[in-house]
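entry-v8.txt, holding compact mmCIF, C-alpha atoms:
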```txt
# COMPACT_ATOMS: atom_id res chain seq x y z
CA MET N 867 0.16 -17.90 -9.68
CA ARG N 868 0.20 -15.30 -6.90
CA GLY N 869 0.16 -18.04 -4.27
CA GLU N 870 3.24 -19.65 -5.77
CA ARG N 871 4.97 -16.27 -5.95
CA LYS N 872 4.25 -15.54 -2.28
CA LEU N 873 5.87 -18.82 -1.29
CA GLU N 874 8.84 -18.04 -3.54
CA HIS N 875 9.23 -14.70 -1.75
CA VAL N 876 9.50 -16.47 1.61
CA ASN N 877 12.00 -19.02 0.30
CA HIS N 878 14.19 -16.43 -1.42
CA SER N 879 14.02 -14.13 1.62
CA LEU N 880 15.26 -16.93 3.86
CA LEU N 881 18.03 -17.82 1.42
CA LEU N 882 19.23 -14.21 1.31
CA PHE N 883 18.97 -13.95 5.10
CA LYS N 884 21.24 -16.96 5.52
CA GLN N 885 23.72 -15.66 2.95
CA LYS N 886 23.86 -12.03 4.09
CA GLN N 887 26.29 -10.96 6.78
CA SER N 888 24.79 -9.02 9.67
CA SER N 889 25.26 -5.29 9.28
CA ASP N 890 27.61 -3.60 11.74
CA GLU N 891 26.37 -0.14 10.77
CA HIS N 892 24.99 0.39 14.27
CA LYS N 893 28.59 0.54 15.56
CA ASN N 894 28.71 4.07 14.11
CA ILE N 895 26.29 4.98 16.89
CA ARG N 896 27.55 4.99 20.48
CA PHE N 897 25.80 5.43 23.80
CA ILE N 898 27.05 7.75 26.56
CA PRO N 899 27.35 5.84 29.88
CA GLN N 900 24.94 6.77 32.68
CA GLU N 901 26.37 5.41 35.93
CA LEU N 902 23.64 6.55 38.32
CA PRO N 903 20.43 5.33 36.68
CA GLU N 904 18.34 5.05 39.88
CA LYS N 905 16.16 2.58 37.97
CA ASP N 906 15.18 -0.98 38.82
CA LEU N 907 14.46 -3.46 36.02
CA SER N 908 10.94 -3.91 37.38
CA GLU N 909 10.23 -0.21 36.71
CA ILE N 910 11.09 -0.38 33.02
CA SER N 911 8.21 -0.45 30.54
CA LEU N 912 8.40 -1.54 26.90
CA ASN N 913 4.96 -0.14 26.07
CA THR N 914 4.61 2.19 23.11
CA LYS N 915 2.00 3.94 20.98
CA ILE N 916 1.65 4.11 17.21
CA ALA N 917 -0.77 6.78 16.03
CA GLY N 918 -2.59 6.55 19.34
CA ILE N 919 -2.82 2.74 19.29
CA GLU N 920 -1.32 1.31 22.48
CA LEU N 921 1.05 -1.64 22.07
CA ARG N 922 2.15 -3.84 24.97
CA ASN N 923 5.67 -4.12 23.51
CA TYR N 924 7.62 -1.91 21.12
CA LEU N 925 8.67 -5.02 19.16
CA PHE N 926 6.29 -6.34 16.49
CA LEU N 927 6.34 -9.10 13.89
CA ASN N 928 6.47 -7.36 10.54
CA ALA N 929 4.94 -8.30 7.18
CA SER N 930 6.43 -11.28 5.38
CA THR N 931 4.02 -12.64 2.79
CA GLY N 932 0.34 -12.81 1.96
CA GLY N 933 -2.08 -15.54 2.96
CA THR N 934 -2.61 -18.18 0.29
CA GLN N 935 -3.10 -21.92 0.41
CA ASN N 936 0.70 -22.26 0.40
CA THR N 937 1.38 -19.88 3.29
CA THR N 938 -1.68 -19.95 5.53
CA GLU N 939 -0.11 -22.31 8.10
CA MET N 940 2.91 -20.05 8.37
CA LEU N 941 0.75 -16.95 8.91
CA ASN N 942 -1.29 -18.67 11.60
CA ASN N 943 1.88 -19.78 13.37
CA LEU N 944 3.27 -16.24 13.25
CA ALA N 945 0.03 -14.82 14.60
CA LYS N 946 0.08 -17.26 17.52
CA ILE N 947 3.73 -16.42 18.28
CA ALA N 948 2.89 -12.72 18.30
CA SER N 949 -0.16 -13.28 20.48
CA ASP N 950 1.76 -15.45 22.97
CA HIS N 951 4.38 -12.72 23.44
CA GLU N 952 1.95 -9.77 23.28
CA LEU N 953 3.51 -8.39 20.11
CA ALA N 954 1.60 -6.70 17.30
CA PHE N 955 1.49 -8.66 14.04
CA ALA N 956 1.57 -7.36 10.47
CA VAL N 957 0.30 -9.75 7.82
CA GLY N 958 1.91 -9.73 4.39
CA SER N 959 0.40 -8.19 1.28
CA GLN N 960 -3.29 -9.03 0.94
CA THR N 961 -3.27 -8.68 -2.84
CA ALA N 962 -3.54 -12.45 -3.22
CA MET N 963 -6.53 -12.46 -0.88
CA ILE N 964 -8.37 -10.12 -3.24
CA ALA N 965 -7.32 -12.01 -6.36
CA GLU N 966 -8.03 -15.50 -5.01
CA ASN N 967 -10.84 -14.78 -2.52
CA THR N 968 -8.97 -16.23 0.44
CA ASP N 969 -10.71 -14.03 3.01
CA ASN N 970 -11.28 -17.00 5.31
CA TYR N 971 -7.54 -17.44 5.88
CA TYR N 972 -7.45 -13.96 7.39
CA LYS N 973 -10.69 -14.29 9.32
CA ALA N 974 -9.15 -17.32 11.04
CA ILE N 975 -6.21 -15.21 12.24
CA ARG N 976 -8.55 -12.84 14.08
CA LYS N 977 -10.83 -15.62 15.33
CA ASN N 978 -7.92 -17.55 16.83
CA ASN N 979 -6.26 -14.44 18.31
CA PRO N 980 -9.03 -12.13 19.53
CA LYS N 981 -6.73 -9.83 21.56
CA LEU N 982 -3.93 -9.60 19.00
CA LYS N 983 -3.05 -6.18 17.58
CA ILE N 984 -3.18 -6.84 13.83
CA ILE N 985 -1.80 -4.69 11.03
CA ALA N 986 -3.36 -5.19 7.58
CA ASN N 987 -1.13 -4.76 4.52
CA VAL N 988 -1.92 -3.57 0.98
CA PRO N 989 -0.19 -2.08 -2.06
CA ALA N 990 -1.20 1.39 -3.23
CA HIS N 991 -2.96 0.25 -6.41
CA LEU N 992 -5.99 -1.45 -4.81
CA SER N 993 -9.39 0.18 -4.91
CA THR N 994 -10.62 1.78 -1.70
CA GLU N 995 -13.36 -0.84 -1.43
CA ASN N 996 -10.84 -3.67 -1.60
CA VAL N 997 -8.64 -2.00 1.00
CA LYS N 998 -11.67 -1.71 3.30
CA ARG N 999 -12.24 -5.41 2.76
CA CYS N 1000 -8.63 -6.18 3.71
CA VAL N 1001 -9.01 -4.26 6.98
CA GLU N 1002 -12.45 -5.64 7.80
CA VAL N 1003 -11.68 -9.36 7.37
CA LEU N 1004 -8.91 -9.02 9.94
CA GLU N 1005 -10.73 -6.51 12.15
CA ALA N 1006 -7.31 -4.83 11.87
CA ASP N 1007 -6.07 -2.18 14.28
CA LEU N 1008 -3.78 -0.48 11.74
CA LEU N 1009 -3.05 -0.59 8.01
CA GLN N 1010 0.29 -0.72 6.21
CA VAL N 1011 0.40 0.61 2.64
CA HIS N 1012 3.62 -0.67 1.13
CA LEU N 1013 5.54 1.32 -1.49
CA ASN N 1014 7.42 -1.11 -3.72
CA LEU N 1015 8.05 0.53 -7.09
CA ALA N 1016 11.63 -0.74 -7.31
CA GLN N 1017 10.55 -4.26 -6.36
CA GLU N 1018 7.84 -4.27 -9.03
CA ALA N 1019 10.30 -2.87 -11.59
CA VAL N 1020 12.72 -5.76 -11.03
CA MET N 1021 10.04 -8.44 -10.55
CA PRO N 1022 9.67 -10.50 -13.74
CA GLU N 1023 5.87 -10.28 -13.60
CA GLY N 1024 5.74 -6.94 -11.75
CA ASP N 1025 3.27 -4.11 -12.24
CA LYS N 1026 4.29 -1.44 -14.76
CA ASN N 1027 1.73 1.27 -14.01
CA PHE N 1028 2.22 3.37 -10.87
CA VAL N 1029 -0.04 6.28 -11.81
CA GLY N 1030 -2.60 7.33 -9.19
CA TYR N 1031 -0.87 6.02 -6.07
CA LEU N 1032 -0.97 9.36 -4.22
CA LYS N 1033 -4.69 9.73 -4.88
CA ASN N 1034 -5.31 6.16 -3.77
CA ILE N 1035 -3.41 6.57 -0.51
CA ASN N 1036 -5.33 9.75 0.25
CA ASN N 1037 -8.59 7.90 -0.41
CA TYR N 1038 -7.58 5.12 1.99
CA VAL N 1039 -6.80 7.61 4.74
CA GLN N 1040 -10.10 9.42 4.25
CA ALA N 1041 -12.23 6.28 4.05
CA LEU N 1042 -10.80 4.15 6.86
CA ASN N 1043 -11.17 4.45 10.61
CA VAL N 1044 -7.76 2.89 11.37
CA PRO N 1045 -4.34 4.59 11.28
CA VAL N 1046 -2.41 4.27 8.01
CA ILE N 1047 1.31 3.44 7.96
CA ILE N 1048 3.40 4.11 4.85
CA LYS N 1049 5.75 1.13 4.59
CA GLY N 1050 9.02 0.45 2.79
CA VAL N 1051 9.96 -3.02 1.58
CA GLY N 1052 13.63 -3.37 2.37
CA TYR N 1053 15.35 -0.42 0.75
CA GLY N 1054 14.35 2.47 2.96
CA ILE N 1055 12.19 5.58 2.72
CA SER N 1056 13.78 8.83 1.51
CA LYS N 1057 12.82 12.44 2.23
CA GLU N 1058 12.06 12.83 -1.49
CA THR N 1059 9.35 10.19 -1.13
CA LEU N 1060 8.01 11.76 2.05
CA LYS N 1061 7.81 15.22 0.45
CA LYS N 1062 5.30 13.86 -2.06
CA ILE N 1063 2.91 12.50 0.54
CA MET N 1064 3.05 15.08 3.34
CA ASP N 1065 -0.21 16.66 2.18
CA ILE N 1066 -1.88 13.33 2.95
CA ALA N 1067 -2.91 12.74 6.57
CA PHE N 1068 -1.21 9.37 6.96
CA HIS N 1069 -0.19 8.50 10.51
CA ALA N 1070 3.20 6.75 10.54
CA VAL N 1071 6.13 5.51 8.44
CA ASP N 1072 7.87 2.12 8.58
CA ILE N 1073 11.25 2.82 6.97
CA ALA N 1074 12.27 -0.84 6.29
CA GLY N 1075 15.91 -0.15 5.40
CA ASN N 1076 18.21 -2.44 3.45
CA ASN N 1077 20.16 -3.86 6.40
CA GLY N 1078 17.69 -6.73 6.31
CA VAL N 1079 16.10 -8.55 3.37
CA ASN N 1080 15.87 -6.18 0.40
CA PHE N 1081 12.97 -7.08 -1.90
CA VAL N 1082 14.84 -5.79 -4.93
CA ALA N 1083 17.40 -8.51 -4.16
CA VAL N 1084 14.59 -11.02 -3.63
CA GLU N 1085 13.15 -10.30 -7.08
CA ASN N 1086 16.64 -10.29 -8.59
CA SER N 1087 17.13 -13.83 -7.33
CA ARG N 1088 13.95 -14.84 -9.20
CA ARG N 1089 15.03 -13.28 -12.51
CA ARG N 1090 16.76 -15.21 -15.28
CA ASN N 1091 18.81 -12.13 -16.19
CA SER N 1092 19.43 -10.69 -12.74
CA ILE N 1093 20.72 -7.14 -12.32
CA LYS N 1094 23.08 -7.94 -9.45
CA ASP N 1095 24.33 -4.36 -9.13
CA LEU N 1096 20.89 -3.48 -7.75
CA ASP N 1097 20.98 -5.98 -4.88
CA ASN N 1098 21.99 -3.24 -2.44
CA TRP N 1099 19.47 -0.73 -3.79
CA GLY N 1100 18.29 2.04 -1.52
CA LEU N 1101 19.09 3.35 1.93
CA SER N 1102 20.41 1.49 4.93
CA THR N 1103 18.20 1.21 7.98
CA PHE N 1104 20.00 3.90 9.97
CA GLU N 1105 20.42 6.20 6.95
CA SER N 1106 16.69 6.06 6.31
CA LEU N 1107 15.86 6.45 9.99
CA LEU N 1108 18.07 9.53 10.44
CA GLU N 1109 16.71 11.06 7.24
CA THR N 1110 13.08 10.33 8.06
CA LYS N 1111 13.40 11.59 11.63
CA ASP N 1112 15.07 14.80 10.45
CA PHE N 1113 12.48 15.45 7.75
CA LEU N 1114 9.34 14.56 9.70
CA ASN N 1115 10.44 16.42 12.84
CA ASN N 1116 7.87 14.58 15.01
CA LYS N 1117 4.98 15.22 12.59
CA ARG N 1118 4.44 11.47 12.16
CA ASP N 1119 5.39 8.37 14.15
CA ILE N 1120 8.29 6.28 12.85
CA LEU N 1121 8.66 2.50 12.90
CA ALA N 1122 12.09 1.03 12.19
CA SER N 1123 12.72 -2.30 10.50
CA GLY N 1124 15.29 -3.89 8.25
CA GLY N 1125 17.90 -6.08 9.92
CA VAL N 1126 17.28 -4.82 13.46
CA TYR N 1127 18.06 -8.24 14.86
CA SER N 1128 19.42 -7.38 18.31
CA ALA N 1129 18.32 -5.36 21.32
CA VAL N 1130 21.35 -3.07 21.00
CA GLN N 1131 20.36 -2.14 17.44
CA ALA N 1132 16.74 -1.74 18.52
CA VAL N 1133 17.59 0.64 21.36
CA LYS N 1134 19.73 2.73 19.01
CA CYS N 1135 16.77 3.01 16.63
CA LEU N 1136 14.46 3.96 19.50
CA ALA N 1137 16.98 6.53 20.73
CA ILE N 1138 17.04 8.19 17.30
CA GLY N 1139 13.26 8.44 17.44
CA ALA N 1140 11.55 5.24 16.29
CA LYS N 1141 8.43 4.30 18.26
CA ALA N 1142 8.48 0.60 17.41
CA ILE N 1143 10.75 -2.03 15.86
CA GLY N 1144 9.67 -4.64 13.33
CA ILE N 1145 11.42 -7.96 12.73
CA ILE N 1146 10.38 -11.10 10.86
CA THR N 1147 13.11 -13.00 8.98
CA PRO N 1148 14.91 -14.49 12.03
CA ILE N 1149 11.52 -15.76 13.22
CA LEU N 1150 10.73 -17.21 9.78
CA ASN N 1151 14.13 -18.89 9.76
CA TYR N 1152 13.42 -20.69 13.03
CA LEU N 1153 9.84 -21.42 11.96
CA GLU N 1154 11.02 -23.09 8.75
CA GLN N 1155 13.06 -25.47 10.91
CA LYS N 1156 10.19 -25.89 13.41
CA LYS N 1157 12.42 -24.56 16.20
CA TYR N 1158 9.63 -23.20 18.36
CA LYS N 1159 11.66 -23.10 21.59
CA GLU N 1160 14.32 -21.05 19.81
CA ILE N 1161 11.67 -18.60 18.59
CA ASN N 1162 10.36 -18.08 22.11
CA GLN N 1163 13.85 -17.68 23.54
CA PHE N 1164 14.85 -15.23 20.79
CA ILE N 1165 11.91 -12.96 21.60
CA ILE N 1166 12.33 -13.27 25.38
CA ASN N 1167 16.04 -12.45 25.13
CA TYR N 1168 15.38 -9.53 22.77
CA LEU N 1169 12.95 -7.91 25.19
CA GLU N 1170 14.90 -8.70 28.37
CA ASN N 1171 18.12 -7.37 26.83
CA THR N 1172 16.28 -4.20 25.88
CA LYS N 1173 15.41 -3.64 29.54
CA VAL N 1174 19.03 -4.22 30.59
CA ILE N 1175 20.25 -1.59 28.11
CA MET N 1176 17.51 0.85 29.09
CA ARG N 1177 18.55 0.51 32.71
CA MET N 1178 22.16 1.26 31.73
CA LEU N 1179 20.89 4.40 29.98
CA ALA N 1180 18.71 5.50 32.93
CA CYS N 1181 15.49 5.20 30.91
CA LYS N 1182 12.32 3.66 32.30
CA ASN N 1183 10.21 3.88 29.13
CA ILE N 1184 10.53 4.06 25.35
CA ASN N 1185 9.85 7.81 25.17
CA GLN N 1186 12.78 8.60 27.45
CA LEU N 1187 15.18 6.87 25.05
CA SER N 1188 14.61 9.60 22.47
CA GLY N 1189 16.23 12.09 24.82
CA ILE N 1190 19.53 10.34 25.58
CA PRO N 1191 22.81 11.56 24.03
CA LEU N 1192 24.20 9.61 21.07
CA LEU N 1193 27.51 9.88 19.27
CA ILE N 1194 27.00 9.33 15.53
CA THR N 1195 30.26 8.93 13.63
CA GLY N 1196 31.88 7.29 10.61
CA ARG N 1197 29.81 6.44 7.57
CA LEU N 1198 26.55 7.66 9.13
CA TYR N 1199 28.15 11.01 9.95
CA GLU N 1200 29.34 11.33 6.35
CA TYR N 1201 25.90 10.42 5.00
CA SER N 1202 24.23 12.96 7.28
CA GLN N 1203 26.62 15.69 6.17
CA LEU N 1204 25.87 14.99 2.51
CA ARG N 1205 22.10 15.00 3.12
CA ASN N 1206 22.13 18.09 5.37
CA ILE N 1207 20.92 16.18 8.41
CA ASP N 1208 21.81 17.82 11.72
CA ILE N 1209 23.17 14.98 13.85
CA LYS N 1210 25.24 17.07 16.27
CA LYS N 1211 22.03 17.70 18.21
CA TYR N 1212 22.02 14.02 19.24
CA ALA N 1213 25.38 14.32 21.02
CA ASN N 1214 24.32 16.85 23.64
CA ARG N 1215 20.69 16.15 24.42
```
Exercise: express the given structure as structure tokens:
Amino acid sequence: MRGERKLEHVNHSLLLFKQKQSSDEHKNIRFIPQELPEKDLSEISLNTKIAGIELRNYLFLNASTGGTQNTTEMLNNLAKIASDHELAFAVGSQTAMIAENTDNYYKAIRKNNPKLKIIANVPAHLSTENVKRCVEVLEADLLQVHLNLAQEAVMPEGDKNFVGYLKNINNYVQALNVPVIIKGVGYGISKETLKKIMDIAFHAVDIAGNNGVNFVAVENSRRRNSIKDLDNWGLSTFESLLETKDFLNNKRDILASGGVYSAVQAVKCLAIGAKAIGIITPILNYLEQKKYKEINQFIINYLENTKVIMRMLACKNINQLSGIPLLITGRLYEYSQLRNIDIKKYANR
């Protein structure tokens, strides 16, 4: 049952990806030209760190779906793609692994990619022992704990009991020797959510805004009586990023994902303060069509274009991007005003 559902999630995600128009929200954010960069492309580094873990590239392949008999080939292909391009790789939810004892699917990912930076992925209702198991089978470098109450609420067969999540997350952090990332699932992370978990020593947040595939919309597409008005549930990627950055104030690392499908959008996220950028659906779309050359070219172009933009902004590494001036206007300015987010500071850094 879970295996079939995981495959449905992939299929519905791809369908929504093909139907959804690319967000132009990033156009509300403008760079200030720097005409004397004194930087050569060869000097520019795309290295980054998440909770002390060094990553060769700021771009990573984000979680898509769990490993079952129906999706194991896809996960292995994604892991190889990530390894070939020196990107970190987040597996999808490992709930099905626990339920169906498919540990071997995950062990194969590590065996075939010994140098790959792997991010395990769990919901917040698993026991600490099962979460340890999820990390250990992958020999994972980091752990994502995804928060998906709205998804479960809309999911026809979704969980109805969310009591004890805070305690569980705290137990994971205390029991594990890998950094823990709090992860959204396509409708953003709000400051109200963050306020509830700040007493827990988690290490990073992946905002996963709704500019990409929103898992409330995915579950809606699986329902007989869909609640279409909820398809755009939550915060956009840049709304959530601005809010999270303002609230955390450098107390935790931030990862940005959710429709960040171009280098320009990625650099804008990094300039606001994200440390890494996650993508997956464009890669899945090519993978479904077995367009492996297109996958490689997409990633190469994404990273090369990032360097071009960084040179234009006189930045030689990811950290320097967070100090460049940005003009934030339009809808994002209005949102920030309503949520008491100080964005004027970005204009004169």
(message) What's around N:Ser1188 at 9 Å? Count only C-alpha atoms, leave out sequence neighbours fewer than 6 positions away in its own chain, and write the answer as a VMD selection string.
(response) chain N and resid 1136 to 1140
(request) For N:Asn970, work out the shell of residues within 10 Å, counting all atoms listed in the file and skipping chain neighbours fewer than 3 positions away, then give it as an NGL selection string. (result) :N and (933 or 963 or 967 or 973-975 or 1003-1004)
Exercise: N:Phe955 partners within 6 Å, all atoms listed in the file, chain neighbours under 3 positions left out, as a PDB file with C-alpha atoms, keeping the file's coordinate frame:
```pdb
ATOM      1  CA  PHE N 926       6.290  -6.340  16.490  1.00  0.00           C
ATOM      2  CA  LEU N 927       6.340  -9.100  13.890  1.00  0.00           C
ATOM      3  CA  ILE N 984      -3.180  -6.840  13.830  1.00  0.00           C
ATOM      4  CA  ILE N 985      -1.800  -4.690  11.030  1.00  0.00           C
TER       5      ILE N 985
END
```
(request) Name all residues at most 10 Å from stretch 1043-1048 of chain N (count only C-alpha atoms; drop same-chain ones fewer than 2 positions away) and give them as a ChimeraX atom specification. (result) /N:916-919,985-987,989-990,998,1001,1005-1013,1035-1036,1038-1041,1050,1055,1060,1063,1067-1073,1118-1121
Filtering to C-alpha atoms, could you give me those residues as a PDB file, keeping the file's coordinate frame?
```pdb
ATOM      1  CA  ILE N 916       1.650   4.110  17.210  1.00  0.00           C
ATOM      2  CA  ALA N 917      -0.770   6.780  16.030  1.00  0.00           C
ATOM      3  CA  GLY N 918      -2.590   6.550  19.340  1.00  0.00           C
ATOM      4  CA  ILE N 919      -2.820   2.740  19.290  1.00  0.00           C
ATOM      5  CA  ILE N 985      -1.800  -4.690  11.030  1.00  0.00           C
ATOM      6  CA  ALA N 986      -3.360  -5.190   7.580  1.00  0.00           C
ATOM      7  CA  ASN N 987      -1.130  -4.760   4.520  1.00  0.00           C
ATOM      8  CA  PRO N 989      -0.190  -2.080  -2.060  1.00  0.00           C
ATOM      9  CA  ALA N 990      -1.200   1.390  -3.230  1.00  0.00           C
ATOM     10  CA  LYS N 998     -11.670  -1.710   3.300  1.00  0.00           C
ATOM     11  CA  VAL N1001      -9.010  -4.260   6.980  1.00  0.00           C
ATOM     12  CA  GLU N1005     -10.730  -6.510  12.150  1.00  0.00           C
ATOM     13  CA  ALA N1006      -7.310  -4.830  11.870  1.00  0.00           C
ATOM     14  CA  ASP N1007      -6.070  -2.180  14.280  1.00  0.00           C
ATOM     15  CA  LEU N1008      -3.780  -0.480  11.740  1.00  0.00           C
ATOM     16  CA  LEU N1009      -3.050  -0.590   8.010  1.00  0.00           C
ATOM     17  CA  GLN N1010       0.290  -0.720   6.210  1.00  0.00           C
ATOM     18  CA  VAL N1011       0.400   0.610   2.640  1.00  0.00           C
ATOM     19  CA  HIS N1012       3.620  -0.670   1.130  1.00  0.00           C
ATOM     20  CA  LEU N1013       5.540   1.320  -1.490  1.00  0.00           C
ATOM     21  CA  ILE N1035      -3.410   6.570  -0.510  1.00  0.00           C
ATOM     22  CA  ASN N1036      -5.330   9.750   0.250  1.00  0.00           C
ATOM     23  CA  TYR N1038      -7.580   5.120   1.990  1.00  0.00           C
ATOM     24  CA  VAL N1039      -6.800   7.610   4.740  1.00  0.00           C
ATOM     25  CA  GLN N1040     -10.100   9.420   4.250  1.00  0.00           C
ATOM     26  CA  ALA N1041     -12.230   6.280   4.050  1.00  0.00           C
ATOM     27  CA  GLY N1050       9.020   0.450   2.790  1.00  0.00           C
ATOM     28  CA  ILE N1055      12.190   5.580   2.720  1.00  0.00           C
ATOM     29  CA  LEU N1060       8.010  11.760   2.050  1.00  0.00           C
ATOM     30  CA  ILE N1063       2.910  12.500   0.540  1.00  0.00           C
ATOM     31  CA  ALA N1067      -2.910  12.740   6.570  1.00  0.00           C
ATOM     32  CA  PHE N1068      -1.210   9.370   6.960  1.00  0.00           C
ATOM     33  CA  HIS N1069      -0.190   8.500  10.510  1.00  0.00           C
ATOM     34  CA  ALA N1070       3.200   6.750  10.540  1.00  0.00           C
ATOM     35  CA  VAL N1071       6.130   5.510   8.440  1.00  0.00           C
ATOM     36  CA  ASP N1072       7.870   2.120   8.580  1.00  0.00           C
ATOM     37  CA  ILE N1073      11.250   2.820   6.970  1.00  0.00           C
ATOM     38  CA  ARG N1118       4.440  11.470  12.160  1.00  0.00           C
ATOM     39  CA  ASP N1119       5.390   8.370  14.150  1.00  0.00           C
ATOM     40  CA  ILE N1120       8.290   6.280  12.850  1.00  0.00           C
ATOM     41  CA  LEU N1121       8.660   2.500  12.900  1.00  0.00           C
TER      42      LEU N1121
END
```
(request) Go ahead and compute the interatomic distance for atom CA of N:Thr937 and atom CA of N:Ala1142, in Å to one decimal. (result)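 Value for the atom CA of N:Thr937-atom CA of N:Ala1142 distance: 25.9 Å.
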(request) Find the residues around N:Leu1187 up to 10 Å (only C-alpha atoms counted), leave out those fewer than 3 positions away in its own chain, and share them as a VMD selection string. (result) chain N and resid 1133 to 1141 1176 1179 to 1184 1190 to 1191
Go ahead and dump the residues you just picked, C-alpha atoms, as a compact mmCIF listing (two decimals), in the coordinates of the input.
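Below you can see again.txt, which holds the result:
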```
# COMPACT_ATOMS: atom_id res chain seq x y z
CA VAL N 1133 17.59 0.64 21.36
CA LYS N 1134 19.73 2.73 19.01
CA CYS N 1135 16.77 3.01 16.63
CA LEU N 1136 14.46 3.96 19.50
CA ALA N 1137 16.98 6.53 20.73
CA ILE N 1138 17.04 8.19 17.30
CA GLY N 1139 13.26 8.44 17.44
CA ALA N 1140 11.55 5.24 16.29
CA LYS N 1141 8.43 4.30 18.26
CA MET N 1176 17.51 0.85 29.09
CA LEU N 1179 20.89 4.40 29.98
CA ALA N 1180 18.71 5.50 32.93
CA CYS N 1181 15.49 5.20 30.91
CA LYS N 1182 12.32 3.66 32.30
CA ASN N 1183 10.21 3.88 29.13
CA ILE N 1184 10.53 4.06 25.35
CA ILE N 1190 19.53 10.34 25.58
CA PRO N 1191 22.81 11.56 24.03
```
(request) Compare N:Pro980, N:Gly1030, N:Pro899, N:Gly1075 by their minimum atom-to-atom distance to N:Lys946, counting all atoms listed in the file, and give me the closest one. (result)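 Selected residue with least distance to N:Lys946: N:Pro980.
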(request) May I ask which of the residues N:Lys1156, N:Arg1215, N:Arg1205, N:Lys1173 is the closest one to N:Asn943, counting only C-alpha atoms? (result)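 Nearest to N:Asn943: N:Lys1156.
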(request) Between N:Val1029, N:Ile1175, N:Leu1108, N:Leu1153, single out the one closest to N:Tyr1212, counting only C-alpha atoms. (result)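 The shortest atom-to-atom distance to N:Tyr1212 comes from N:Leu1108.
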(message) Between atom CA of N:Ile947 and atom CA of N:Arg922, what distance in Å does the model show, to one decimal?
(response)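 Between these atoms lies a distance of 14.3 Å.
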(message) My list of candidates is N:Lys1062, N:Val1051, N:Asn1116, N:Ile910. Which is closest to N:Val1084 when distances are computed with only C-alpha atoms?
(response)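 Closest to N:Val1084, using only C-alpha atoms: N:Val1051.
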